Amino acid sequence: MQRRFIFLINPRAGVQKGKPLTQIIKERCHAAQQSFEIIHTAADGNYNFLIDKIQQQQITDVIICGGDGTISAVAAAIRHLSINIGIVPRGSGNGLAFAAGISKDPHKALDIIFKGTTLVVDAFLINQQFSCMLSGLGFDAKVAHDFDRERKRGFWKYVKLVVKNLFSIRTYPFVIESADKKFSVDAYFISIANSNQFGNHFTIAPRASLNDGLLDIVAVEKSNLLLLPFRVLWHIRFGTFTKTNHKSYGITYFQTTALTVHNPSSAPLHIDGDGKETAAILQIEVLKSAYSLLVP
């Protein structure tokens, strides 16, 4: 069957240098004699319009040129269709792409799109909202909400917001319930991960897999603020806390298929890096084999 591509380009994502991405895509698709169309991503994040387009035009591959938030929104709309999803990383973190071994270099990413294979990967739901790789409550969600309000994007803008928010960092009380445990925790943040990282190769869940049917839960608990950057963040960055069902370095880490998080202080929420409305109770469950991803 002849492959037919849609390339979704987010003009606001990331920072690009060199030849425009649209030109690279056109040149590569023409050279490969591939049928393709380039359209801009939806400003409102609604991609239901793709459903009829995919079915009517017999599209085989939707390629998302953007970051994790765009990937999440597109995958949520079309995951029930028989379609391949590809990524040309253009976000500030690109956590899903890096976890899947997809290069940020557009030519290498396009090599995977044209010549790679497909991997059926998991996702998860938070109060019925779709998440493709990483969501969380607390500090990183506060940064995500601030980042959403910025006109300029990019990795260094995100870093500046992280540093700025460190001066007002606080903890939030949570109660976490899963099939085999229930505990209270006072934490700077809780991450729910299907990917092994935040993005930019910054490890958050060292044992996470895109298709193991499990969610990795990481809670970074209250500790001496002077130790936080040097002890806790070091172990997160390099993934040195590798044991699941384990608590050390002020980090609680375990795996599960579903959990409930009680959030009485309304800690902010992000889903795949985009700030979302929080809730007092969050029901979270894995979605096994949610969609097909093009990988090396």
# chains A, B, ... in the order shown; residues from 1 in each chain; ligands from 1
>>> residues_around(residues="Arg4 of chain A", least_positions_apart="3", cutoff="6 Å", atoms="only C-alpha atoms", output="ChimeraX atom specification")
/A:35-36,59-60
>>> select_by_dssp(residues="segment 83-271 of chain A", states="strand (DSSP E or B)", output="PyMOL selection string")
chain A and resi 84-89+117-126+129-131+134-138+172-177+182-193+197-199+202-203+215-221+246-248+251-256+258-262+269-271
>>> atom_distance(atom1="atom CA of Ser191 of chain A", atom2="atom CA of Ala75 of chain A")
20.4 Å
>>> residues_around(residues="segment 42-55 of chain A", least_positions_apart="2", cutoff="7 Å", atoms="only C-alpha atoms", output="CSV table (one decimal) with C-alpha atoms, in the first residue's frame")
chain,number,residue,atom,x,y,z
A,40,HIS,CA,-0.2,23.8,10.8
A,57,GLN,CA,-7.7,10.5,2.0
A,58,GLN,CA,-6.5,7.1,3.2
A,59,ILE,CA,-3.7,8.7,5.2
A,73,ALA,CA,-3.3,16.2,21.7
A,74,VAL,CA,-2.9,14.6,18.2
A,77,ALA,CA,-7.8,12.4,18.7
A,78,ILE,CA,-6.6,9.7,16.3
>>> residues_around(residues="Lys142 of chain A", least_positions_apart="3", cutoff="10 Å", atoms="only C-alpha atoms", output="list of chain:residue names")
A:Gly136, A:Leu137, A:Gly138, A:Phe139, A:His145, A:Asp146, A:Phe147, A:Leu161, A:Val162, A:Asn165, A:Ile169, A:Phe189, A:Ala267, A:Pro268, A:Leu269, A:His270, A:Gly275
>>> write_last_selection(atoms="N, CA and C atoms", output="PDB file, in the first residue's frame")
ATOM      1  N   GLY A 136       2.201  15.423  35.704  1.00  0.00           N
ATOM      2  CA  GLY A 136       2.631  15.596  37.078  1.00  0.00           C
ATOM      3  C   GLY A 136       1.885  16.670  37.828  1.00  0.00           C
ATOM      4  N   LEU A 137       2.116  16.679  39.126  1.00  0.00           N
ATOM      5  CA  LEU A 137       1.497  17.617  40.059  1.00  0.00           C
ATOM      6  C   LEU A 137       2.584  18.310  40.863  1.00  0.00           C
ATOM      7  N   GLY A 138       2.416  19.618  41.069  1.00  0.00           N
ATOM      8  CA  GLY A 138       3.339  20.326  41.934  1.00  0.00           C
ATOM      9  C   GLY A 138       4.274  21.250  41.189  1.00  0.00           C
ATOM     10  N   PHE A 139       5.560  21.211  41.557  1.00  0.00           N
ATOM     11  CA  PHE A 139       6.535  22.186  41.077  1.00  0.00           C
ATOM     12  C   PHE A 139       6.649  22.231  39.564  1.00  0.00           C
ATOM     13  N   HIS A 145       2.701  25.768  33.690  1.00  0.00           N
ATOM     14  CA  HIS A 145       1.696  26.825  33.563  1.00  0.00           C
ATOM     15  C   HIS A 145       2.347  28.161  33.220  1.00  0.00           C
ATOM     16  N   ASP A 146       3.477  28.462  33.855  1.00  0.00           N
ATOM     17  CA  ASP A 146       4.193  29.701  33.546  1.00  0.00           C
ATOM     18  C   ASP A 146       4.715  29.687  32.113  1.00  0.00           C
ATOM     19  N   PHE A 147       5.210  28.540  31.681  1.00  0.00           N
ATOM     20  CA  PHE A 147       5.758  28.400  30.330  1.00  0.00           C
ATOM     21  C   PHE A 147       4.681  28.611  29.275  1.00  0.00           C
ATOM     22  N   LEU A 161      12.647  29.655  33.819  1.00  0.00           N
ATOM     23  CA  LEU A 161      11.440  29.559  34.638  1.00  0.00           C
ATOM     24  C   LEU A 161      11.628  28.571  35.789  1.00  0.00           C
ATOM     25  N   VAL A 162      12.368  27.495  35.549  1.00  0.00           N
ATOM     26  CA  VAL A 162      12.670  26.546  36.623  1.00  0.00           C
ATOM     27  C   VAL A 162      13.443  27.249  37.737  1.00  0.00           C
ATOM     28  N   ASN A 165      11.274  29.726  39.665  1.00  0.00           N
ATOM     29  CA  ASN A 165      10.315  29.090  40.572  1.00  0.00           C
ATOM     30  C   ASN A 165      10.971  28.405  41.755  1.00  0.00           C
ATOM     31  N   ILE A 169       9.617  27.661  45.752  1.00  0.00           N
ATOM     32  CA  ILE A 169       9.195  26.263  45.758  1.00  0.00           C
ATOM     33  C   ILE A 169       8.533  25.906  47.088  1.00  0.00           C
ATOM     34  N   PHE A 189       6.866  17.568  44.122  1.00  0.00           N
ATOM     35  CA  PHE A 189       6.106  17.181  42.942  1.00  0.00           C
ATOM     36  C   PHE A 189       5.947  15.673  42.875  1.00  0.00           C
ATOM     37  N   ALA A 267      -2.669  21.258  44.187  1.00  0.00           N
ATOM     38  CA  ALA A 267      -1.384  21.380  43.494  1.00  0.00           C
ATOM     39  C   ALA A 267      -1.635  21.461  42.000  1.00  0.00           C
ATOM     40  N   PRO A 268      -0.918  22.346  41.296  1.00  0.00           N
ATOM     41  CA  PRO A 268      -1.138  22.479  39.852  1.00  0.00           C
ATOM     42  C   PRO A 268      -0.822  21.184  39.112  1.00  0.00           C
ATOM     43  N   LEU A 269      -1.451  21.032  37.947  1.00  0.00           N
ATOM     44  CA  LEU A 269      -1.348  19.812  37.139  1.00  0.00           C
ATOM     45  C   LEU A 269      -0.815  20.157  35.759  1.00  0.00           C
ATOM     46  N   HIS A 270       0.072  19.318  35.251  1.00  0.00           N
ATOM     47  CA  HIS A 270       0.423  19.396  33.830  1.00  0.00           C
ATOM     48  C   HIS A 270       0.220  18.029  33.196  1.00  0.00           C
ATOM     49  N   GLY A 275       0.091  22.959  30.945  1.00  0.00           N
ATOM     50  CA  GLY A 275      -0.667  23.190  32.160  1.00  0.00           C
ATOM     51  C   GLY A 275      -2.152  22.907  31.966  1.00  0.00           C
TER      52      GLY A 275
END
>>> atom_distance(atom1="atom CA of Ile6 of chain A", atom2="atom CA of Tyr291 of chain A")
16.5 Å
>>> residues_around(residues="Glu37 of chain A", least_positions_apart="2", cutoff="7 Å", atoms="only C-alpha atoms", output="JSON, numbers by chain")
{"A": [5, 6, 7, 39]}
>>> select_by_dssp(residues="segment 34-168 of chain A", states="helix (DSSP H, G or I)", output="ChimeraX atom specification")
/A:49-57,68-78,95-99,106-115,139-148,155-166
>>> closest_atom_pairs(of="segment 44-140 of chain A", to="segment 201-224 of chain A", cutoff="10 Å", atoms="only C-alpha atoms", output="JSON lines")
{"residue": "A:Gly93", "atom": "CA", "partner": "A:His201", "partner_atom": "CA", "distance": 8.3}
{"residue": "A:Asn94", "atom": "CA", "partner": "A:His201", "partner_atom": "CA", "distance": 8.8}
{"residue": "A:Gly95", "atom": "CA", "partner": "A:His201", "partner_atom": "CA", "distance": 7.4}
{"residue": "A:Leu96", "atom": "CA", "partner": "A:Leu210", "partner_atom": "CA", "distance": 8.7}
{"residue": "A:Phe98", "atom": "CA", "partner": "A:His201", "partner_atom": "CA", "distance": 6.9}
{"residue": "A:Ala99", "atom": "CA", "partner": "A:Leu210", "partner_atom": "CA", "distance": 7.9}
{"residue": "A:Ala100", "atom": "CA", "partner": "A:Leu210", "partner_atom": "CA", "distance": 7.8}
{"residue": "A:Leu119", "atom": "CA", "partner": "A:Asn211", "partner_atom": "CA", "distance": 8.3}
{"residue": "A:Val120", "atom": "CA", "partner": "A:Asn211", "partner_atom": "CA", "distance": 7.0}
{"residue": "A:Val121", "atom": "CA", "partner": "A:Asn211", "partner_atom": "CA", "distance": 4.7}
{"residue": "A:Asp122", "atom": "CA", "partner": "A:Asn211", "partner_atom": "CA", "distance": 5.2}
{"residue": "A:Ala123", "atom": "CA", "partner": "A:Leu210", "partner_atom": "CA", "distance": 7.9}
{"residue": "A:Phe124", "atom": "CA", "partner": "A:Leu215", "partner_atom": "CA", "distance": 8.0}
{"residue": "A:Cys132", "atom": "CA", "partner": "A:Leu210", "partner_atom": "CA", "distance": 9.3}
{"residue": "A:Met133", "atom": "CA", "partner": "A:Leu210", "partner_atom": "CA", "distance": 8.0}
{"residue": "A:Leu134", "atom": "CA", "partner": "A:Asp216", "partner_atom": "CA", "distance": 9.4}
{"residue": "A:Gly136", "atom": "CA", "partner": "A:Val218", "partner_atom": "CA", "distance": 9.3}
{"residue": "A:Leu137", "atom": "CA", "partner": "A:Ala219", "partner_atom": "CA", "distance": 9.5}
{"residue": "A:Gly138", "atom": "CA", "partner": "A:Val220", "partner_atom": "CA", "distance": 9.9}
{"residue": "A:Phe139", "atom": "CA", "partner": "A:Val220", "partner_atom": "CA", "distance": 9.9}
>>> write_last_selection(atoms="N, CA and C atoms", output="PDB file, in the first residue's frame")
ATOM      1  N   GLY A  93      11.385  20.035  25.323  1.00  0.00           N
ATOM      2  CA  GLY A  93      11.914  18.884  26.045  1.00  0.00           C
ATOM      3  C   GLY A  93      12.021  17.635  25.206  1.00  0.00           C
ATOM      4  N   ASN A  94      11.011  17.360  24.375  1.00  0.00           N
ATOM      5  CA  ASN A  94      10.999  16.204  23.474  1.00  0.00           C
ATOM      6  C   ASN A  94      11.183  14.876  24.221  1.00  0.00           C
ATOM      7  N   GLY A  95      10.492  14.746  25.347  1.00  0.00           N
ATOM      8  CA  GLY A  95      10.675  13.566  26.181  1.00  0.00           C
ATOM      9  C   GLY A  95      10.292  12.273  25.493  1.00  0.00           C
ATOM     10  N   LEU A  96       9.148  12.240  24.797  1.00  0.00           N
ATOM     11  CA  LEU A  96       8.721  11.012  24.139  1.00  0.00           C
ATOM     12  C   LEU A  96       9.676  10.643  23.018  1.00  0.00           C
ATOM     13  N   PHE A  98      12.885  11.383  22.631  1.00  0.00           N
ATOM     14  CA  PHE A  98      14.163  10.909  23.133  1.00  0.00           C
ATOM     15  C   PHE A  98      14.044   9.547  23.793  1.00  0.00           C
ATOM     16  N   ALA A  99      12.934   9.305  24.479  1.00  0.00           N
ATOM     17  CA  ALA A  99      12.714   7.985  25.086  1.00  0.00           C
ATOM     18  C   ALA A  99      12.609   6.904  24.017  1.00  0.00           C
ATOM     19  N   ALA A 100      12.087   7.273  22.840  1.00  0.00           N
ATOM     20  CA  ALA A 100      11.936   6.316  21.741  1.00  0.00           C
ATOM     21  C   ALA A 100      13.161   6.238  20.851  1.00  0.00           C
ATOM     22  N   LEU A 119       6.281   0.700  16.702  1.00  0.00           N
ATOM     23  CA  LEU A 119       6.207   0.133  18.036  1.00  0.00           C
ATOM     24  C   LEU A 119       4.860   0.530  18.623  1.00  0.00           C
ATOM     25  N   VAL A 120       4.096  -0.454  19.075  1.00  0.00           N
ATOM     26  CA  VAL A 120       2.821  -0.160  19.723  1.00  0.00           C
ATOM     27  C   VAL A 120       3.124   0.226  21.165  1.00  0.00           C
ATOM     28  N   VAL A 121       2.785   1.445  21.534  1.00  0.00           N
ATOM     29  CA  VAL A 121       3.179   1.975  22.838  1.00  0.00           C
ATOM     30  C   VAL A 121       1.957   2.255  23.712  1.00  0.00           C
ATOM     31  N   ASP A 122       2.223   2.348  25.010  1.00  0.00           N
ATOM     32  CA  ASP A 122       1.177   2.627  25.983  1.00  0.00           C
ATOM     33  C   ASP A 122       0.983   4.137  26.143  1.00  0.00           C
ATOM     34  N   ALA A 123      -0.087   4.485  26.808  1.00  0.00           N
ATOM     35  CA  ALA A 123      -0.353   5.852  27.246  1.00  0.00           C
ATOM     36  C   ALA A 123      -1.121   5.733  28.560  1.00  0.00           C
ATOM     37  N   PHE A 124      -1.709   6.827  29.036  1.00  0.00           N
ATOM     38  CA  PHE A 124      -2.528   6.724  30.239  1.00  0.00           C
ATOM     39  C   PHE A 124      -3.552   7.851  30.281  1.00  0.00           C
ATOM     40  N   CYS A 132       0.406  11.046  26.798  1.00  0.00           N
ATOM     41  CA  CYS A 132       1.219  10.112  26.017  1.00  0.00           C
ATOM     42  C   CYS A 132       2.515   9.710  26.704  1.00  0.00           C
ATOM     43  N   MET A 133       3.031  10.553  27.644  1.00  0.00           N
ATOM     44  CA  MET A 133       4.339  10.172  28.191  1.00  0.00           C
ATOM     45  C   MET A 133       4.615  10.594  29.628  1.00  0.00           C
ATOM     46  N   LEU A 134       4.250  11.799  30.052  1.00  0.00           N
ATOM     47  CA  LEU A 134       4.596  12.244  31.401  1.00  0.00           C
ATOM     48  C   LEU A 134       3.651  13.353  31.848  1.00  0.00           C
ATOM     49  N   GLY A 136       2.201  15.423  35.704  1.00  0.00           N
ATOM     50  CA  GLY A 136       2.631  15.596  37.078  1.00  0.00           C
ATOM     51  C   GLY A 136       1.885  16.670  37.828  1.00  0.00           C
ATOM     52  N   LEU A 137       2.116  16.679  39.126  1.00  0.00           N
ATOM     53  CA  LEU A 137       1.497  17.617  40.059  1.00  0.00           C
ATOM     54  C   LEU A 137       2.584  18.310  40.863  1.00  0.00           C
ATOM     55  N   GLY A 138       2.416  19.618  41.069  1.00  0.00           N
ATOM     56  CA  GLY A 138       3.339  20.326  41.934  1.00  0.00           C
ATOM     57  C   GLY A 138       4.274  21.250  41.189  1.00  0.00           C
ATOM     58  N   PHE A 139       5.560  21.211  41.557  1.00  0.00           N
ATOM     59  CA  PHE A 139       6.535  22.186  41.077  1.00  0.00           C
ATOM     60  C   PHE A 139       6.649  22.231  39.564  1.00  0.00           C
TER      61      PHE A 139
END
>>> residues_around(residues="Asn127 of chain A", least_positions_apart="5", cutoff="8 Å", atoms="only C-alpha atoms", output="ChimeraX atom specification")
/A:282-284
>>> write_last_selection(atoms="N, CA, C and O atoms", output="PDB file, in the first residue's frame")
ATOM      1  N   LEU A 282      -7.581  12.697  41.546  1.00  0.00           N
ATOM      2  CA  LEU A 282      -7.181  12.336  40.188  1.00  0.00           C
ATOM      3  C   LEU A 282      -7.128  10.824  40.063  1.00  0.00           C
ATOM      4  O   LEU A 282      -6.399  10.152  40.803  1.00  0.00           O
ATOM      5  N   GLN A 283      -7.928  10.301  39.141  1.00  0.00           N
ATOM      6  CA  GLN A 283      -7.951   8.873  38.847  1.00  0.00           C
ATOM      7  C   GLN A 283      -7.066   8.631  37.622  1.00  0.00           C
ATOM      8  O   GLN A 283      -7.296   9.231  36.565  1.00  0.00           O
ATOM      9  N   ILE A 284      -6.094   7.751  37.776  1.00  0.00           N
ATOM     10  CA  ILE A 284      -5.085   7.564  36.729  1.00  0.00           C
ATOM     11  C   ILE A 284      -4.997   6.087  36.384  1.00  0.00           C
ATOM     12  O   ILE A 284      -4.900   5.237  37.278  1.00  0.00           O
TER      13      ILE A 284
END
>>> residues_around(residues="Ser266 of chain A", least_positions_apart="6", cutoff="12 Å", atoms="only C-alpha atoms", output="number ranges by chain")
A: 137-138, 141-142, 171-174, 276-282
>>> write_last_selection(atoms="all heavy atoms", output="compact mmCIF listing (two decimals), in the first residue's frame")
# COMPACT_ATOMS: atom_id res chain seq x y z
N LEU A 137 2.12 16.68 39.13
CA LEU A 137 1.50 17.62 40.06
C LEU A 137 2.58 18.31 40.86
O LEU A 137 3.55 17.67 41.29
CB LEU A 137 0.57 16.88 41.02
CG LEU A 137 -0.71 16.28 40.43
CD1 LEU A 137 -1.16 15.10 41.27
CD2 LEU A 137 -1.80 17.34 40.37
N GLY A 138 2.42 19.62 41.07
CA GLY A 138 3.34 20.33 41.93
C GLY A 138 4.27 21.25 41.19
O GLY A 138 3.87 21.98 40.28
N ALA A 141 4.59 21.28 37.34
CA ALA A 141 3.34 21.76 36.75
C ALA A 141 3.23 23.28 36.86
O ALA A 141 2.73 23.94 35.95
CB ALA A 141 2.15 21.09 37.44
N LYS A 142 3.70 23.85 37.98
CA LYS A 142 3.73 25.30 38.11
C LYS A 142 4.60 25.91 37.02
O LYS A 142 4.23 26.91 36.39
CB LYS A 142 4.27 25.67 39.50
CG LYS A 142 4.50 27.16 39.73
CD LYS A 142 3.21 27.97 39.67
CE LYS A 142 3.38 29.38 40.21
NZ LYS A 142 4.40 30.17 39.52
N THR A 171 5.98 22.60 49.12
CA THR A 171 5.49 21.23 49.05
C THR A 171 3.97 21.22 49.11
O THR A 171 3.34 22.20 49.51
CB THR A 171 6.04 20.38 50.21
OG1 THR A 171 5.67 20.99 51.45
CG2 THR A 171 7.54 20.26 50.11
N TYR A 172 3.39 20.10 48.70
CA TYR A 172 1.94 19.90 48.71
C TYR A 172 1.64 18.56 49.37
O TYR A 172 2.38 17.59 49.18
CB TYR A 172 1.39 19.87 47.29
CG TYR A 172 1.62 21.13 46.48
CD1 TYR A 172 2.80 21.28 45.76
CD2 TYR A 172 0.67 22.14 46.44
CE1 TYR A 172 3.02 22.42 45.01
CE2 TYR A 172 0.88 23.29 45.69
CZ TYR A 172 2.06 23.43 44.97
OH TYR A 172 2.28 24.56 44.23
N PRO A 173 0.55 18.50 50.14
CA PRO A 173 0.17 17.21 50.73
C PRO A 173 -0.60 16.37 49.70
O PRO A 173 -1.47 16.87 48.99
CB PRO A 173 -0.75 17.63 51.89
CG PRO A 173 -1.37 18.91 51.42
CD PRO A 173 -0.33 19.60 50.59
N PHE A 174 -0.26 15.09 49.65
CA PHE A 174 -0.95 14.16 48.76
C PHE A 174 -1.22 12.87 49.53
O PHE A 174 -0.48 12.50 50.45
CB PHE A 174 -0.10 13.80 47.54
CG PHE A 174 0.27 14.96 46.67
CD1 PHE A 174 1.54 15.52 46.75
CD2 PHE A 174 -0.63 15.48 45.76
CE1 PHE A 174 1.90 16.58 45.93
CE2 PHE A 174 -0.28 16.54 44.94
CZ PHE A 174 0.99 17.10 45.03
N LYS A 276 -2.74 22.19 32.91
CA LYS A 276 -4.16 21.83 32.85
C LYS A 276 -4.84 22.19 34.17
O LYS A 276 -4.18 22.38 35.20
CB LYS A 276 -4.33 20.33 32.57
CG LYS A 276 -3.71 19.85 31.27
CD LYS A 276 -4.42 20.42 30.05
CE LYS A 276 -3.82 19.86 28.76
NZ LYS A 276 -4.49 20.40 27.56
N GLU A 277 -6.17 22.22 34.14
CA GLU A 277 -6.92 22.47 35.37
C GLU A 277 -6.75 21.30 36.31
O GLU A 277 -6.91 20.14 35.92
CB GLU A 277 -8.39 22.69 35.03
CG GLU A 277 -9.24 23.07 36.24
CD GLU A 277 -10.68 23.35 35.87
OE1 GLU A 277 -11.00 23.41 34.66
OE2 GLU A 277 -11.50 23.50 36.80
N THR A 278 -6.44 21.60 37.55
CA THR A 278 -6.20 20.54 38.52
C THR A 278 -7.52 20.06 39.14
O THR A 278 -8.60 20.57 38.83
CB THR A 278 -5.22 21.03 39.61
OG1 THR A 278 -4.75 19.90 40.36
CG2 THR A 278 -5.88 22.04 40.54
N ALA A 279 -7.42 19.08 40.03
CA ALA A 279 -8.60 18.52 40.69
C ALA A 279 -8.21 18.01 42.07
O ALA A 279 -7.05 17.71 42.34
CB ALA A 279 -9.20 17.39 39.85
N ALA A 280 -9.20 17.87 42.93
CA ALA A 280 -8.96 17.38 44.29
C ALA A 280 -8.66 15.89 44.31
O ALA A 280 -7.95 15.40 45.19
CB ALA A 280 -10.15 17.68 45.19
N ILE A 281 -9.23 15.16 43.35
CA ILE A 281 -8.97 13.73 43.23
C ILE A 281 -8.66 13.43 41.77
O ILE A 281 -9.39 13.85 40.87
CB ILE A 281 -10.18 12.89 43.68
CG1 ILE A 281 -10.50 13.17 45.15
CG2 ILE A 281 -9.92 11.40 43.47
CD1 ILE A 281 -11.73 12.44 45.66
N LEU A 282 -7.58 12.70 41.55
CA LEU A 282 -7.18 12.34 40.19
C LEU A 282 -7.13 10.82 40.06
O LEU A 282 -6.40 10.15 40.80
CB LEU A 282 -5.83 12.95 39.84
CG LEU A 282 -5.84 14.49 39.86
CD1 LEU A 282 -5.04 15.00 41.04
CD2 LEU A 282 -5.32 15.07 38.57
>>> closest_residue(among="A:Thr70, A:Gln34, A:Ser103, A:Ser131", to="Ala290 of chain A", atoms="only C-alpha atoms")
A:Ser131
>>> closest_residue(among="A:Phe130, A:Phe183, A:Tyr253, A:Phe198", to="Ala144 of chain A", atoms="only C-alpha atoms")
A:Phe198
>>> atom_distance(atom1="atom CA of Asp274 of chain A", atom2="atom CA of Thr22 of chain A")
24.9 Å
>>> closest_residue(among="A:Ile71, A:Leu21, A:Cys29, A:Lys160", to="Thr41 of chain A", atoms="only C-alpha atoms")
A:Ile71
